[in-house]
Amino acid sequence: MKKLTFILIVFSFITFSFASSNIPNELNCSEYEVVKTTENAIENSENSNLLKDCTVRLDFTLEDGTTIQGEITFVDVSWWDCTKMQLAAWWERNF
Amino acid sequence: MKNISLIVILFLLINSFVNAQSKNKENYGKVIYERLLNFDGNPKSTEFSLFFNSDFSIFYEERIEPKEETTLKPSSDDEFDLSFDIKFNGSKYIVLTDFRKDTIQSQVSLFRDGKQKTYIVEEKVKKIDWSITQEFKTISGFKAQRAEGLFRGRKYIAWFTNEIPIKYGPWKLNDLPGLILNVSDDKNEVMFYAKSIKVPFNIKSDSNNEFTFGNDYDKISLSKYLEYKKQQVEEVKKLFSSKLPRGARMETTKSKSNDIELKYEETIKD
């Protein structure tokens, strides 16, 4: 009986581990997005000399209940410059 | 611990009011309301408390919003997308109504000069010309009566109860013969529901009554606040401009907002 229980536990562990590693479910969605973003970053960095539009989307929620959506497009910037702006904004805790 | 130097503690504030009103303890109470905003099919719920006595009411957010999240979306082929959800951290939305002076002071935060800034917005109480109907229903055991009124661009349908004969309600909606239990606009975008009612209310029985109402925040008029609010996207644009590489330019700025108050009376202008 103990052996059977042990085998069942091991089998379940392997099954669940295998299943979760293949299906990008909601729990590991952010990790998946990070990987995709990194892939895009590598791909984009290869073309970093190309100048493109950099769109910044803003979604404010004010305390009085007002919501404001804004969009700013910076024209002719490189992927790296666009990313630098994002990193600078995050790093300085401006938002 | 910014802006702590001149803190008004609600406990003390209410206590002073209570002491002044000690001969009539029926005149103060606490109501917890849920505010439901449903703009663009995206409902958001927030819990507020309303404290009141015969002269004042204080309507404030129960829980502080969590810190904003910043996300980087994967780039498309044609453009690089950055997306920011901007929420304000560490302050509460408070609406203090002084019925003796007919004034309202609201504590709100905005994005200004590259950072979060909290203001006290001052305005006059806008009297609502309620139309009371003979329609009744029972809400949470109270006999409630229907009233309709226009307030800043929205038509509100309120259910108040004469069983609690006080003129208060959530946010800036007041002046009915009894406490407002439920109120919503005719588009169902703005709704307030009373979840808990304590009248009379023993302030000493509730330990969760302290919050800061920073008197050291800049006081501005309602018209100035609206002006600043319109400039929110521009404020961020200015910030990003300073980070732009040489030669890069900004082409478009789109802005859209959803507000509880849609129209303002002429008298708010400075």
# chains A, B, ... in the order shown; residues from 1 in each chain; ligands from 1
>>> interface_residues(of="chain A", to="chain B", cutoff="6 Å", atoms="only C-alpha atoms", output="mmCIF file with C-alpha atoms, in the first residue's frame")
data_model
loop_
_atom_site.group_PDB
_atom_site.id
_atom_site.type_symbol
_atom_site.label_atom_id
_atom_site.label_comp_id
_atom_site.auth_asym_id
_atom_site.auth_seq_id
_atom_site.Cartn_x
_atom_site.Cartn_y
_atom_site.Cartn_z
ATOM 1 C CA THR A 37 9.500 41.060 -24.190
ATOM 2 C CA LYS A 52 10.547 54.425 -35.640
ATOM 3 C CA ASP A 53 7.605 55.850 -33.742
ATOM 4 C CA CYS A 54 7.583 55.422 -29.986
ATOM 5 C CA THR A 55 4.084 55.504 -28.578
ATOM 6 C CA VAL A 56 3.522 56.103 -24.899
ATOM 7 C CA ARG A 57 0.085 55.203 -23.597
ATOM 8 C CA LEU A 58 -0.972 56.710 -20.291
ATOM 9 C CA ASP A 59 -3.817 55.582 -18.103
ATOM 10 C CA PHE A 60 -4.450 57.822 -15.103
ATOM 11 C CA THR A 61 -6.808 56.950 -12.279
ATOM 12 C CA GLU A 63 -8.591 59.742 -6.589
ATOM 13 C CA THR A 66 -11.658 60.469 -12.966
ATOM 14 C CA THR A 67 -9.917 58.268 -15.487
ATOM 15 C CA ILE A 68 -7.740 59.832 -18.176
ATOM 16 C CA GLN A 69 -6.321 58.017 -21.154
ATOM 17 C CA GLY A 70 -3.592 59.728 -23.101
ATOM 18 C CA GLU A 71 -1.340 58.864 -25.969
ATOM 19 C CA ILE A 72 1.918 60.543 -26.934
ATOM 20 C CA THR A 73 3.855 59.552 -30.026
ATOM 21 C CA PHE A 74 7.517 60.375 -30.357
ATOM 22 C CA VAL A 75 8.609 60.288 -33.966
ATOM 23 C CA ASP A 76 11.929 59.027 -35.316
ATOM 24 C CA VAL A 77 13.458 57.497 -32.238
ATOM 25 C CA MET A 85 12.842 56.746 -21.627
ATOM 26 C CA ASN A 94 8.420 59.606 -11.448
#
>>> residues_around(residues="segment 193-201 of chain B", least_positions_apart="6", cutoff="6 Å", atoms="only C-alpha atoms", output="mmCIF file with N, CA and C atoms, in the first residue's frame")
data_model
loop_
_atom_site.group_PDB
_atom_site.id
_atom_site.type_symbol
_atom_site.label_atom_id
_atom_site.label_comp_id
_atom_site.auth_asym_id
_atom_site.auth_seq_id
_atom_site.Cartn_x
_atom_site.Cartn_y
_atom_site.Cartn_z
ATOM 1 N N GLU B 26 -27.932 62.627 18.703
ATOM 2 C CA GLU B 26 -28.538 62.068 17.505
ATOM 3 C C GLU B 26 -27.956 62.716 16.248
ATOM 4 N N TYR B 28 -24.929 62.975 15.032
ATOM 5 C CA TYR B 28 -23.730 62.505 14.353
ATOM 6 C C TYR B 28 -23.824 61.013 14.079
ATOM 7 N N GLY B 29 -23.055 60.583 13.113
ATOM 8 C CA GLY B 29 -23.123 59.183 12.732
ATOM 9 C C GLY B 29 -22.050 58.798 11.742
ATOM 10 N N LYS B 30 -22.060 57.537 11.372
ATOM 11 C CA LYS B 30 -21.083 57.029 10.404
ATOM 12 C C LYS B 30 -21.807 56.093 9.428
ATOM 13 N N VAL B 31 -21.572 56.318 8.167
ATOM 14 C CA VAL B 31 -22.149 55.468 7.127
ATOM 15 C C VAL B 31 -21.016 55.010 6.212
ATOM 16 N N ILE B 32 -21.016 53.738 5.885
ATOM 17 C CA ILE B 32 -20.028 53.248 4.913
ATOM 18 C C ILE B 32 -20.741 53.052 3.578
ATOM 19 N N TYR B 33 -20.188 53.698 2.558
ATOM 20 C CA TYR B 33 -20.753 53.610 1.215
ATOM 21 C C TYR B 33 -19.773 52.877 0.289
ATOM 22 N N GLU B 34 -20.352 52.213 -0.683
ATOM 23 C CA GLU B 34 -19.538 51.680 -1.772
ATOM 24 C C GLU B 34 -19.807 52.548 -2.992
ATOM 25 N N LEU B 181 -29.575 56.561 1.048
ATOM 26 C CA LEU B 181 -29.133 55.161 1.159
ATOM 27 C C LEU B 181 -28.486 54.699 -0.142
ATOM 28 N N ASN B 182 -29.148 54.982 -1.240
ATOM 29 C CA ASN B 182 -28.618 54.627 -2.561
ATOM 30 C C ASN B 182 -28.769 55.825 -3.480
#
>>> select_by_dssp(residues="segment 25-225 of chain B", states="strand (DSSP E)", output="number ranges by chain")
B: 29-39, 42-52, 56-61, 70-71, 79-87, 94-98, 103-112, 115-124, 131-139, 142-151, 154-161, 179-185, 190-198, 218-221
>>> atom_distance(atom1="atom CA of Ser140 of chain B", atom2="atom CA of Phe56 of chain B")
25.2 Å
>>> atom_distance(atom1="atom CA of Lys127 of chain B", atom2="atom CA of Leu173 of chain B")
8.8 Å
>>> closest_residue(among="B:Ala147, B:Pro170, B:Arg100, B:Ile139", to="Tyr60 of chain B", atoms="only C-alpha atoms")
B:Pro170
